>>> print(open('data_3.cif').read())   # mmCIF, N, CA, C and O atoms
data_work
#
loop_
_atom_site.label_atom_id
_atom_site.label_comp_id
_atom_site.auth_asym_id
_atom_site.auth_seq_id
_atom_site.Cartn_x
_atom_site.Cartn_y
_atom_site.Cartn_z
N MET A 13 38.02 28.43 48.62
CA MET A 13 37.84 27.77 49.90
C MET A 13 36.90 26.59 49.73
O MET A 13 36.17 26.49 48.76
N GLY A 14 36.86 25.74 50.74
CA GLY A 14 36.04 24.55 50.65
C GLY A 14 35.04 24.45 51.78
O GLY A 14 34.89 25.37 52.59
N LEU A 15 34.37 23.34 51.80
CA LEU A 15 33.40 23.08 52.85
C LEU A 15 34.07 22.49 54.08
O LEU A 15 35.04 21.75 53.97
N MET A 16 33.52 22.79 55.23
CA MET A 16 34.03 22.31 56.51
C MET A 16 32.90 21.64 57.26
O MET A 16 31.81 22.20 57.37
N LYS A 17 33.15 20.43 57.77
CA LYS A 17 32.10 19.71 58.50
C LYS A 17 32.01 20.26 59.92
O LYS A 17 33.00 20.30 60.64
N LEU A 18 30.81 20.67 60.31
CA LEU A 18 30.57 21.18 61.66
C LEU A 18 29.95 20.15 62.57
O LEU A 18 30.16 20.18 63.78
N PHE A 19 29.15 19.26 62.00
CA PHE A 19 28.38 18.35 62.83
C PHE A 19 28.14 17.06 62.07
O PHE A 19 27.94 17.05 60.86
N SER A 20 28.14 15.97 62.81
CA SER A 20 27.79 14.67 62.26
C SER A 20 27.00 13.93 63.33
O SER A 20 27.48 13.78 64.46
N GLY A 21 25.78 13.54 63.00
CA GLY A 21 24.96 12.87 64.00
C GLY A 21 23.52 12.74 63.56
O GLY A 21 23.21 12.67 62.37
N ASP A 22 22.63 12.74 64.53
CA ASP A 22 21.20 12.56 64.31
C ASP A 22 20.63 13.67 63.43
O ASP A 22 20.99 14.84 63.57
N GLU A 23 19.72 13.31 62.54
CA GLU A 23 19.14 14.28 61.60
C GLU A 23 18.41 15.41 62.31
O GLU A 23 18.50 16.57 61.90
N ILE A 24 17.68 15.10 63.36
CA ILE A 24 16.93 16.14 64.08
C ILE A 24 17.88 17.17 64.68
O ILE A 24 17.63 18.38 64.60
N LEU A 25 18.98 16.71 65.25
CA LEU A 25 19.96 17.64 65.81
C LEU A 25 20.64 18.46 64.71
O LEU A 25 20.87 19.65 64.87
N ALA A 26 20.94 17.82 63.59
CA ALA A 26 21.56 18.53 62.47
C ALA A 26 20.65 19.63 61.94
O ALA A 26 21.11 20.74 61.66
N LEU A 27 19.37 19.35 61.83
CA LEU A 27 18.41 20.35 61.36
C LEU A 27 18.26 21.49 62.35
O LEU A 27 18.12 22.66 61.95
N ALA A 28 18.29 21.18 63.65
CA ALA A 28 18.21 22.24 64.67
C ALA A 28 19.43 23.15 64.59
O ALA A 28 19.29 24.39 64.65
N LEU A 29 20.61 22.57 64.45
CA LEU A 29 21.82 23.37 64.34
C LEU A 29 21.83 24.17 63.04
O LEU A 29 22.21 25.35 63.02
N GLN A 30 21.37 23.56 61.97
CA GLN A 30 21.29 24.26 60.68
C GLN A 30 20.43 25.52 60.80
O GLN A 30 20.80 26.58 60.32
N GLN A 31 19.30 25.40 61.47
CA GLN A 31 18.39 26.54 61.63
C GLN A 31 19.07 27.66 62.41
O GLN A 31 18.95 28.83 62.05
N LYS A 32 19.80 27.33 63.47
CA LYS A 32 20.48 28.33 64.27
C LYS A 32 21.58 29.04 63.48
O LYS A 32 21.76 30.25 63.58
N ILE A 33 22.31 28.28 62.68
CA ILE A 33 23.41 28.87 61.90
C ILE A 33 22.87 29.73 60.77
O ILE A 33 23.38 30.83 60.52
N GLU A 34 21.83 29.27 60.11
CA GLU A 34 21.26 30.07 59.02
C GLU A 34 20.59 31.34 59.53
O GLU A 34 20.48 32.31 58.80
N ALA A 35 20.17 31.35 60.79
CA ALA A 35 19.57 32.55 61.38
C ALA A 35 20.57 33.70 61.49
O ALA A 35 20.17 34.86 61.53
N ILE A 36 21.87 33.39 61.53
CA ILE A 36 22.88 34.45 61.59
C ILE A 36 23.45 34.76 60.21
O ILE A 36 24.43 35.49 60.08
N GLY A 37 22.84 34.20 59.17
CA GLY A 37 23.22 34.54 57.80
C GLY A 37 24.30 33.68 57.18
O GLY A 37 24.91 34.08 56.19
N VAL A 38 24.57 32.51 57.74
CA VAL A 38 25.57 31.61 57.19
C VAL A 38 24.86 30.47 56.46
O VAL A 38 24.00 29.81 57.04
N ASN A 39 25.22 30.27 55.21
CA ASN A 39 24.63 29.18 54.42
C ASN A 39 25.21 27.84 54.85
O ASN A 39 26.39 27.74 55.17
N THR A 40 24.37 26.82 54.85
CA THR A 40 24.79 25.48 55.25
C THR A 40 24.44 24.47 54.16
O THR A 40 23.62 24.73 53.30
N VAL A 41 25.09 23.31 54.26
CA VAL A 41 24.80 22.18 53.37
C VAL A 41 24.63 20.96 54.26
O VAL A 41 25.47 20.71 55.13
N ILE A 42 23.54 20.21 54.06
CA ILE A 42 23.33 18.97 54.79
C ILE A 42 23.53 17.81 53.84
O ILE A 42 23.00 17.81 52.73
N ARG A 43 24.30 16.85 54.29
CA ARG A 43 24.53 15.63 53.52
C ARG A 43 23.88 14.48 54.28
O ARG A 43 24.24 14.19 55.41
N ASN A 44 22.90 13.86 53.63
CA ASN A 44 22.14 12.79 54.24
C ASN A 44 22.21 11.58 53.33
O ASN A 44 21.60 11.56 52.27
N ASN A 45 22.95 10.56 53.73
CA ASN A 45 23.10 9.37 52.90
C ASN A 45 22.12 8.26 53.25
O ASN A 45 22.28 7.14 52.79
N ASN A 46 21.15 8.55 54.08
CA ASN A 46 20.16 7.53 54.45
C ASN A 46 19.26 7.25 53.26
O ASN A 46 18.78 8.15 52.59
N GLN A 47 19.00 5.98 53.04
CA GLN A 47 18.11 5.57 51.96
C GLN A 47 16.88 4.95 52.61
O GLN A 47 16.82 3.75 52.85
N ALA A 48 15.90 5.77 52.87
CA ALA A 48 14.74 5.38 53.66
C ALA A 48 13.91 4.26 53.02
O ALA A 48 13.30 3.47 53.72
N ASN A 49 13.88 4.18 51.71
CA ASN A 49 13.01 3.20 51.06
C ASN A 49 13.71 1.88 50.74
O ASN A 49 13.11 1.00 50.12
N VAL A 50 14.96 1.73 51.10
CA VAL A 50 15.70 0.51 50.79
C VAL A 50 15.92 -0.28 52.07
O VAL A 50 16.80 -0.01 52.85
N LEU A 51 15.09 -1.26 52.31
CA LEU A 51 15.18 -2.13 53.48
C LEU A 51 15.43 -1.36 54.78
O LEU A 51 16.45 -1.55 55.44
N PRO A 52 14.52 -0.48 55.15
CA PRO A 52 14.76 0.37 56.32
C PRO A 52 14.90 -0.40 57.63
O PRO A 52 15.55 0.07 58.55
N SER A 53 14.32 -1.58 57.72
CA SER A 53 14.40 -2.32 58.98
C SER A 53 15.76 -3.00 59.17
O SER A 53 16.10 -3.39 60.27
N ILE A 54 16.52 -3.14 58.10
CA ILE A 54 17.80 -3.84 58.17
C ILE A 54 18.97 -2.87 58.28
O ILE A 54 19.90 -3.10 59.03
N GLN A 55 18.90 -1.78 57.52
CA GLN A 55 20.03 -0.85 57.47
C GLN A 55 20.09 0.04 58.70
O GLN A 55 19.08 0.61 59.10
N PRO A 56 21.26 0.18 59.31
CA PRO A 56 21.40 1.13 60.42
C PRO A 56 21.37 2.56 59.88
O PRO A 56 21.76 2.81 58.73
N GLN A 57 20.89 3.48 60.69
CA GLN A 57 20.85 4.89 60.28
C GLN A 57 22.27 5.43 60.21
O GLN A 57 23.06 5.25 61.12
N LYS A 58 22.58 6.10 59.11
CA LYS A 58 23.87 6.74 58.97
C LYS A 58 23.77 8.17 59.50
O LYS A 58 22.70 8.76 59.51
N ALA A 59 24.88 8.68 59.91
CA ALA A 59 24.89 10.04 60.45
C ALA A 59 24.64 11.06 59.34
O ALA A 59 25.07 10.88 58.20
N VAL A 60 23.94 12.11 59.69
CA VAL A 60 23.72 13.25 58.81
C VAL A 60 24.85 14.24 59.09
O VAL A 60 25.22 14.44 60.25
N GLU A 61 25.40 14.83 58.04
CA GLU A 61 26.51 15.75 58.20
C GLU A 61 26.10 17.17 57.82
O GLU A 61 25.38 17.36 56.85
N LEU A 62 26.59 18.14 58.58
CA LEU A 62 26.29 19.55 58.34
C LEU A 62 27.60 20.27 58.00
O LEU A 62 28.57 20.16 58.75
N PHE A 63 27.60 20.99 56.88
CA PHE A 63 28.80 21.68 56.41
C PHE A 63 28.53 23.17 56.24
O PHE A 63 27.40 23.58 55.97
N ILE A 64 29.61 23.97 56.36
CA ILE A 64 29.58 25.39 56.01
C ILE A 64 30.86 25.69 55.23
O ILE A 64 31.78 24.88 55.20
N GLN A 65 30.91 26.87 54.64
CA GLN A 65 32.14 27.32 53.99
C GLN A 65 33.19 27.61 55.07
O GLN A 65 32.86 28.13 56.13
N GLU A 66 34.44 27.27 54.79
CA GLU A 66 35.52 27.51 55.76
C GLU A 66 35.60 28.98 56.17
O GLU A 66 35.92 29.28 57.31
N THR A 67 35.30 29.87 55.25
CA THR A 67 35.40 31.30 55.53
C THR A 67 34.35 31.78 56.53
O THR A 67 34.50 32.84 57.12
N ASP A 68 33.30 31.00 56.74
CA ASP A 68 32.23 31.37 57.68
C ASP A 68 32.43 30.77 59.07
O ASP A 68 31.60 30.97 59.96
N PHE A 69 33.52 30.04 59.28
CA PHE A 69 33.72 29.34 60.54
C PHE A 69 33.75 30.28 61.75
O PHE A 69 33.12 30.00 62.77
N ALA A 70 34.46 31.37 61.64
CA ALA A 70 34.58 32.30 62.77
C ALA A 70 33.21 32.84 63.18
O ALA A 70 32.94 33.04 64.38
N LYS A 71 32.34 33.05 62.23
CA LYS A 71 31.00 33.57 62.52
C LYS A 71 30.10 32.49 63.13
O LYS A 71 29.32 32.77 64.03
N ALA A 72 30.23 31.25 62.67
CA ALA A 72 29.35 30.17 63.11
C ALA A 72 29.84 29.47 64.38
O ALA A 72 29.04 28.85 65.08
N ASN A 73 31.12 29.54 64.68
CA ASN A 73 31.69 28.79 65.79
C ASN A 73 31.00 29.05 67.14
O ASN A 73 30.73 28.10 67.88
N PRO A 74 30.71 30.31 67.51
CA PRO A 74 30.02 30.50 68.80
C PRO A 74 28.66 29.80 68.87
O PRO A 74 28.29 29.26 69.92
N ILE A 75 27.94 29.75 67.76
CA ILE A 75 26.65 29.07 67.71
C ILE A 75 26.85 27.57 67.89
O ILE A 75 26.12 26.91 68.63
N VAL A 76 27.86 27.02 67.23
CA VAL A 76 28.14 25.59 67.31
C VAL A 76 28.53 25.20 68.73
O VAL A 76 28.04 24.20 69.28
N GLU A 77 29.39 26.00 69.35
CA GLU A 77 29.82 25.69 70.73
C GLU A 77 28.65 25.76 71.70
O GLU A 77 28.51 24.91 72.58
N GLU A 78 27.80 26.76 71.57
CA GLU A 78 26.62 26.88 72.44
C GLU A 78 25.69 25.68 72.24
O GLU A 78 25.16 25.13 73.20
N PHE A 79 25.54 25.25 70.99
CA PHE A 79 24.69 24.10 70.67
C PHE A 79 25.25 22.83 71.30
O PHE A 79 24.52 22.06 71.91
N ARG A 80 26.54 22.62 71.17
CA ARG A 80 27.17 21.41 71.73
C ARG A 80 27.07 21.39 73.26
O ARG A 80 26.89 20.32 73.85
N LEU A 81 27.21 22.52 73.89
CA LEU A 81 27.10 22.58 75.34
C LEU A 81 25.68 22.32 75.83
O LEU A 81 25.47 21.89 76.95
N SER A 82 24.70 22.60 74.97
CA SER A 82 23.29 22.41 75.35
C SER A 82 22.84 20.95 75.22
O SER A 82 21.75 20.60 75.67
N LEU A 83 23.66 20.10 74.60
CA LEU A 83 23.26 18.70 74.41
C LEU A 83 23.40 17.89 75.67
O LEU A 83 24.17 18.05 76.50
#
>>> encode(input="data_3.cif", output="structure tokens")
Amino acid sequence: MGLMKLFSGDEILALALQQKIEAIGVNTVIRNNNQANVLPSIQPQKAVELFIQETDFAKANPIVEEFRLSL
């Protein structure tokens, strides 16, 4: 199986969702392509992405839906 993207957006929100998902025992991967030390005033912030294993989707989906509704 492979990785499935659950969230793409602000880093603070991605970390909050990551914490909620890991609390139920699902491992996550965060992909952050922001390069903070390379001309930070010029480059726009790129979205941070949160991934889980496809096999964990059924377990994590209720948490993701609750999180999205709370935004």
>>> closest_residue(input="data_3.cif", among="A:Ser82, A:Gln65, A:Asn39, A:Asn45", to="Gly14 in chain A", atoms="only C-alpha atoms")
A:Gln65
>>> closest_residue(input="data_3.cif", among="A:Ala28, A:Glu23, A:Lys17, A:Glu61", to="Ile42 in chain A", atoms="all atoms listed in the file")
A:Glu61
>>> resolve_selection(input="data_3.cif", expression="the PyMOL selection byres ((chain A and resi 40) around 7)", output="list in words")
Gln30, Ile33, Glu34, Val38, Asn39, Val41, Ile42, Leu62, Phe63, Ile64 and Gln65 of chain A
>>> closest_residue(input="data_3.cif", among="A:Glu66, A:Gly37, A:Lys32, A:Lys58", to="Met16 in chain A", atoms="all atoms listed in the file")
A:Glu66
>>> select_by_dssp(input="data_3.cif", residues="chain A", states="strand (DSSP E)", output="ChimeraX atom specification")
/A:15-21,41-43,60-65
>>> closest_residue(input="data_3.cif", among="A:Gly21, A:Lys71, A:Leu83, A:Glu78", to="Ala59 in chain A", atoms="all atoms listed in the file")
A:Gly21
>>> atom_distance(input="data_3.cif", atom1="CA of Asp22 in chain A", atom2="CA of Ile75 in chain A")
17.7 Å
